[in-house]
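Shown below: final-v5.cif, with mmCIF, C-alpha atoms.
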```cif
data_input
#
loop_
_atom_site.group_PDB
_atom_site.id
_atom_site.type_symbol
_atom_site.label_atom_id
_atom_site.label_comp_id
_atom_site.auth_asym_id
_atom_site.auth_seq_id
_atom_site.Cartn_x
_atom_site.Cartn_y
_atom_site.Cartn_z
ATOM 1 C CA MET Q 1 -42.343 39.154 -17.905
ATOM 2 C CA ALA Q 2 -40.966 36.817 -20.566
ATOM 3 C CA ARG Q 3 -39.716 38.286 -23.833
ATOM 4 C CA ARG Q 4 -42.227 37.876 -26.662
ATOM 5 C CA GLU Q 5 -41.390 37.350 -30.317
ATOM 6 C CA LEU Q 6 -43.727 39.286 -32.601
ATOM 7 C CA THR Q 7 -44.100 39.939 -36.295
ATOM 8 C CA LEU Q 8 -44.607 43.510 -37.443
ATOM 9 C CA ALA Q 9 -48.259 42.710 -38.142
ATOM 10 C CA GLU Q 10 -48.682 41.343 -34.605
ATOM 11 C CA LEU Q 11 -47.032 44.429 -33.100
ATOM 12 C CA ARG Q 12 -49.223 46.743 -35.196
ATOM 13 C CA ALA Q 13 -52.283 44.876 -33.914
ATOM 14 C CA LEU Q 14 -51.318 45.735 -30.321
ATOM 15 C CA GLU Q 15 -51.959 49.459 -30.860
ATOM 16 C CA GLY Q 16 -53.605 50.940 -27.771
ATOM 17 C CA GLN Q 17 -52.427 48.126 -25.475
ATOM 18 C CA HIS Q 18 -50.013 47.708 -22.591
ATOM 19 C CA LEU Q 19 -46.999 45.773 -23.891
ATOM 20 C CA GLY Q 20 -45.602 44.824 -20.513
ATOM 21 C CA THR Q 21 -43.481 45.828 -17.558
ATOM 22 C CA THR Q 22 -39.823 44.894 -17.236
ATOM 23 C CA GLY Q 23 -37.959 43.622 -14.232
ATOM 24 C CA TRP Q 24 -36.089 45.990 -11.932
ATOM 25 C CA HIS Q 25 -32.644 47.338 -12.865
ATOM 26 C CA LEU Q 26 -30.304 48.651 -10.136
ATOM 27 C CA LEU Q 27 -28.628 52.037 -10.585
ATOM 28 C CA ASP Q 28 -25.583 51.935 -8.311
ATOM 29 C CA GLN Q 29 -22.822 54.523 -7.952
ATOM 30 C CA ASP Q 30 -20.475 52.668 -10.312
ATOM 31 C CA THR Q 31 -23.094 52.842 -13.078
ATOM 32 C CA ILE Q 32 -23.751 56.536 -12.403
ATOM 33 C CA THR Q 33 -20.016 57.338 -12.344
ATOM 34 C CA THR Q 34 -19.408 55.427 -15.576
ATOM 35 C CA PHE Q 35 -22.278 57.308 -17.269
ATOM 36 C CA ALA Q 36 -20.834 60.626 -16.062
ATOM 37 C CA GLY Q 37 -17.443 59.738 -17.497
ATOM 38 C CA THR Q 38 -18.885 58.587 -20.798
ATOM 39 C CA THR Q 39 -21.074 61.661 -21.311
ATOM 40 C CA GLY Q 40 -18.901 64.273 -19.625
ATOM 41 C CA ASP Q 41 -21.843 65.230 -17.384
ATOM 42 C CA THR Q 42 -19.926 65.472 -14.113
ATOM 43 C CA GLU Q 43 -22.441 67.599 -12.200
ATOM 44 C CA ARG Q 44 -21.549 67.010 -8.543
ATOM 45 C CA ILE Q 45 -25.036 65.837 -7.464
ATOM 46 C CA HIS Q 46 -24.304 62.668 -9.449
ATOM 47 C CA LEU Q 47 -20.810 62.057 -8.088
ATOM 48 C CA ASP Q 48 -20.405 63.649 -4.639
ATOM 49 C CA ALA Q 49 -22.816 62.664 -1.859
ATOM 50 C CA GLY Q 50 -21.842 65.718 0.226
ATOM 51 C CA ALA Q 51 -22.559 68.087 -2.656
ATOM 52 C CA ALA Q 52 -25.866 66.345 -3.284
ATOM 53 C CA ARG Q 53 -26.854 66.646 0.387
ATOM 54 C CA ALA Q 54 -25.919 70.353 0.317
ATOM 55 C CA ARG Q 55 -28.534 70.720 -2.430
ATOM 56 C CA GLY Q 56 -31.281 69.047 -0.400
ATOM 57 C CA LEU Q 57 -30.890 65.477 -1.642
ATOM 58 C CA ASP Q 58 -30.259 62.406 0.514
ATOM 59 C CA GLY Q 59 -27.209 61.468 -1.558
ATOM 60 C CA THR Q 60 -26.159 61.221 -5.178
ATOM 61 C CA ILE Q 61 -28.767 60.735 -7.897
ATOM 62 C CA ALA Q 62 -28.702 59.162 -11.342
ATOM 63 C CA HIS Q 63 -28.683 61.385 -14.392
ATOM 64 C CA GLY Q 64 -32.097 61.791 -15.998
ATOM 65 C CA LEU Q 65 -30.551 60.832 -19.308
ATOM 66 C CA LEU Q 66 -29.141 57.664 -17.741
ATOM 67 C CA THR Q 67 -32.664 56.660 -16.778
ATOM 68 C CA LEU Q 68 -33.963 57.496 -20.259
ATOM 69 C CA SER Q 69 -31.108 55.625 -21.945
ATOM 70 C CA LEU Q 70 -32.299 52.358 -20.374
ATOM 71 C CA GLY Q 71 -35.359 52.408 -22.673
ATOM 72 C CA PRO Q 72 -33.867 50.398 -25.560
ATOM 73 C CA MET Q 73 -32.517 47.728 -23.200
ATOM 74 C CA PHE Q 74 -35.903 47.460 -21.509
ATOM 75 C CA LEU Q 75 -37.757 47.250 -24.847
ATOM 76 C CA GLN Q 76 -35.441 44.466 -26.020
ATOM 77 C CA GLY Q 77 -36.255 42.593 -22.831
ATOM 78 C CA LEU Q 78 -40.004 42.829 -23.504
ATOM 79 C CA PHE Q 79 -40.254 41.902 -27.168
ATOM 80 C CA ALA Q 80 -38.366 41.175 -30.366
ATOM 81 C CA VAL Q 81 -39.747 41.818 -33.836
ATOM 82 C CA THR Q 82 -38.842 38.862 -36.018
ATOM 83 C CA ASP Q 83 -39.529 40.038 -39.578
ATOM 84 C CA HIS Q 84 -38.077 43.516 -40.031
ATOM 85 C CA SER Q 85 -35.166 44.642 -42.186
ATOM 86 C CA ARG Q 86 -33.983 47.277 -39.698
ATOM 87 C CA VAL Q 87 -35.076 49.221 -36.639
ATOM 88 C CA LEU Q 88 -34.261 52.823 -35.726
ATOM 89 C CA ASN Q 89 -34.744 54.967 -32.657
ATOM 90 C CA TYR Q 90 -36.836 57.655 -34.363
ATOM 91 C CA GLY Q 91 -36.740 60.010 -31.377
ATOM 92 C CA PHE Q 92 -39.020 61.286 -28.645
ATOM 93 C CA ASP Q 93 -42.162 63.373 -28.852
ATOM 94 C CA LYS Q 94 -41.958 64.273 -25.162
ATOM 95 C CA VAL Q 95 -39.786 63.475 -22.142
ATOM 96 C CA ARG Q 96 -40.400 64.521 -18.551
ATOM 97 C CA PHE Q 97 -38.190 63.804 -15.534
ATOM 98 C CA LEU Q 98 -40.626 63.747 -12.615
ATOM 99 C CA ALA Q 99 -38.516 62.628 -9.647
ATOM 100 C CA PRO Q 100 -34.841 62.161 -8.786
ATOM 101 C CA VAL Q 101 -33.474 58.609 -8.839
ATOM 102 C CA PRO Q 102 -31.351 58.121 -5.709
ATOM 103 C CA VAL Q 103 -28.216 56.012 -5.904
ATOM 104 C CA ASP Q 104 -28.940 52.306 -5.270
ATOM 105 C CA SER Q 105 -32.535 52.680 -6.449
ATOM 106 C CA SER Q 106 -33.990 50.431 -9.109
ATOM 107 C CA ILE Q 107 -35.873 51.350 -12.266
ATOM 108 C CA ARG Q 108 -38.253 49.329 -14.383
ATOM 109 C CA MET Q 109 -40.253 50.332 -17.426
ATOM 110 C CA ALA Q 110 -43.939 49.902 -18.218
ATOM 111 C CA VAL Q 111 -44.729 50.298 -21.928
ATOM 112 C CA HIS Q 112 -47.963 51.216 -23.699
ATOM 113 C CA LEU Q 113 -48.207 51.212 -27.516
ATOM 114 C CA THR Q 114 -50.182 54.411 -27.972
ATOM 115 C CA LYS Q 115 -50.113 54.803 -31.745
ATOM 116 C CA VAL Q 116 -48.894 53.129 -34.924
ATOM 117 C CA ARG Q 117 -48.471 55.055 -38.155
ATOM 118 C CA ARG Q 118 -47.194 54.029 -41.542
ATOM 119 C CA ILE Q 119 -43.977 55.628 -42.778
ATOM 120 C CA GLN Q 120 -42.134 55.026 -46.009
ATOM 121 C CA GLY Q 121 -40.943 51.429 -45.901
ATOM 122 C CA GLY Q 122 -42.366 50.540 -42.496
ATOM 123 C CA SER Q 123 -44.165 51.735 -39.389
ATOM 124 C CA ALA Q 124 -43.484 54.186 -36.578
ATOM 125 C CA PHE Q 125 -44.525 52.886 -33.168
ATOM 126 C CA HIS Q 126 -45.292 55.512 -30.519
ATOM 127 C CA LEU Q 127 -44.516 54.047 -27.114
ATOM 128 C CA THR Q 128 -45.322 55.627 -23.759
ATOM 129 C CA GLN Q 129 -42.543 54.555 -21.421
ATOM 130 C CA ASP Q 130 -43.106 54.949 -17.679
ATOM 131 C CA PHE Q 131 -39.833 54.518 -15.782
ATOM 132 C CA GLU Q 132 -41.013 53.352 -12.368
ATOM 133 C CA LEU Q 133 -38.835 53.878 -9.302
ATOM 134 C CA LYS Q 134 -38.103 51.596 -6.358
ATOM 135 C CA HIS Q 135 -36.156 53.348 -3.604
ATOM 136 C CA PRO Q 136 -33.209 51.679 -1.839
ATOM 137 C CA ASP Q 137 -35.499 50.838 1.118
ATOM 138 C CA GLY Q 138 -37.728 48.823 -1.238
ATOM 139 C CA THR Q 139 -40.659 51.221 -1.403
ATOM 140 C CA VAL Q 140 -42.063 51.858 -4.857
ATOM 141 C CA ALA Q 141 -42.719 55.500 -5.688
ATOM 142 C CA GLU Q 142 -46.305 56.474 -6.443
ATOM 143 C CA ARG Q 143 -45.360 58.204 -9.688
ATOM 144 C CA PRO Q 144 -42.706 57.387 -12.271
ATOM 145 C CA ALA Q 145 -39.268 58.976 -12.211
ATOM 146 C CA CYS Q 146 -39.534 59.622 -15.941
ATOM 147 C CA VAL Q 147 -42.223 59.451 -18.615
ATOM 148 C CA ALA Q 148 -41.173 59.407 -22.254
ATOM 149 C CA GLU Q 149 -43.111 59.253 -25.484
ATOM 150 C CA ALA Q 150 -40.651 57.347 -27.665
ATOM 151 C CA VAL Q 151 -40.976 56.642 -31.372
ATOM 152 C CA VAL Q 152 -39.351 53.505 -32.792
ATOM 153 C CA ALA Q 153 -39.378 52.817 -36.529
ATOM 154 C CA TYR Q 154 -39.436 49.269 -37.884
ATOM 155 C CA PHE Q 155 -38.898 48.753 -41.583
ATOM 156 C CA ASP Q 156 -40.370 45.864 -43.594
#
```

Produce structure tokens that represent the structure in this file.
Amino acid sequence: MARRELTLAELRALEGQHLGTTGWHLLDQDTITTFAGTTGDTERIHLDAGAARARGLDGTIAHGLLTLSLGPMFLQGLFAVTDHSRVLNYGFDKVRFLAPVPVDSSIRMAVHLTKVRRIQGGSAFHLTQDFELKHPDGTVAERPACVAEAVVAYFD
């Protein structure tokens, strides 16, 4: 999907609508290892295929927070707001990790603008983010790996 440029008024008017689905993004072992080093989360299921298999997995898996952290990149790929003074990640109302993301899988994000509310100086946009999973063999999982209810604040 091509990136759309929107004004704040145009984005507000999309309340209740699907905003788009991104392209696929590969999560390889180098990415997982770099994330582990950056965050200090060196749990062995992310770094050691043997340890992961000993815990019933087929190999290493991506960190749930790595998957979640792709949200801002994916949003920037879907749309840009052209008339704001600043934008802030306001937080999350809910996050659920529903399935492991095996190494060499790909993730994409489908976004639905569920609610818009006015805040001092701007608007808070409540975005349901479904992180869809494509396994290394190319099959797409029936349910998302992660579902997050993100809140992004744009200021006039």

>> Which residues would end up in the selection if the PyMOL selection byres ((chain Q and resi 125) around 6) were applied here, given that I need the answer as a VMD selection string?
In response: chain Q and resid 116 124 126 151 to 152

Go ahead and dump the residues you just picked, C-alpha atoms, as a JSON list (two decimals), keeping the file's coordinate frame.
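Ended up saving to part-v8.json:
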```
[["chain", "number", "residue", "atom", "x", "y", "z"],
["Q", 116, "VAL", "CA", -48.89, 53.13, -34.92],
["Q", 124, "ALA", "CA", -43.48, 54.19, -36.58],
["Q", 126, "HIS", "CA", -45.29, 55.51, -30.52],
["Q", 151, "VAL", "CA", -40.98, 56.64, -31.37],
["Q", 152, "VAL", "CA", -39.35, 53.50, -32.79]]
```

> Between Q:Leu8, Q:Leu57, Q:Leu14, Q:Leu65, which is the closest to Ala36 (chain Q) once you count all atoms listed in the file?
Replying inline: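 Of the candidates, the smallest distance to Ala36 (chain Q) is held by Q:Leu65.
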
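Rounded to one decimal, CA of Glu142 (chain Q) and CA of Thr22 (chain Q) lie 17.1 Å from each other.
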
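The residues returned by the PyMOL selection byres ((chain Q and resi 89) around 9) on the shown structure are Q:Pro72, Q:Val87, Q:Leu88, Q:Tyr90, Q:Gly91, Q:Phe92, Q:Ala150, Q:Val151, Q:Val152, Q:Ala153.
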
> Can you list, as a ChimeraX atom specification, every protein, DNA or RNA residue that comes within 7 Å of Cys146 (chain Q) when you count all atoms listed in the file, leaving out same-chain residues fewer than 5 positions away?
Replying inline: /Q:96-98,130-131

>> Take the PyMOL selection byres ((chain Q and resi 43-54) around 12), run it mentally on this structure, and tell me the resulting residues as a PyMOL selection string.
In response: chain Q and resi 27-37+39-42+55-66+100-103

> When distances are computed from only C-alpha atoms, which of Q:Asp83, Q:Ser105, Q:Lys94, Q:Ala13 shows the smallest separation from Leu68 (chain Q)?
Replying inline: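 Of the candidates, the smallest distance to Leu68 (chain Q) is held by Q:Lys94.
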
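Minimum distance to Val140 (chain Q) across Q:Ile107, Q:Leu19, Q:Leu113, Q:Ile119 (counting all atoms listed in the file) occurs at Q:Ile107.
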
Please give the centre and size of the box around region 87-106 of chain Q (axis-aligned, containing every atom listed in the file, 5 Å added per side), with values in Å to one decimal and written as lines of an AutoDock Vina configuration file.
```
center_x = -35.2
center_y = 56.9
center_z = -21.0
size_x = 23.9
size_y = 25.3
size_z = 41.4
```

>> I'd like to know which of Q:Leu11, Q:Leu6, Q:Leu127, Q:Met109 is closest to Ala80 (chain Q), using all atoms listed in the file.
In response: Q:Leu6

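Atom to atom, CA of Ala141 (chain Q) and CA of Thr38 (chain Q) stand 28.4 Å apart.
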
> CA of Ala148 (chain Q) and CA of Val81 (chain Q), how far apart in Å?
Replying inline: 21.1 Å

> Given the choices Q:Ser106, Q:Val95, Q:Val111, Q:Asp137, which gets closest to Glu149 (chain Q) if the distance is worked out from all atoms listed in the file?
Replying inline: Q:Val95
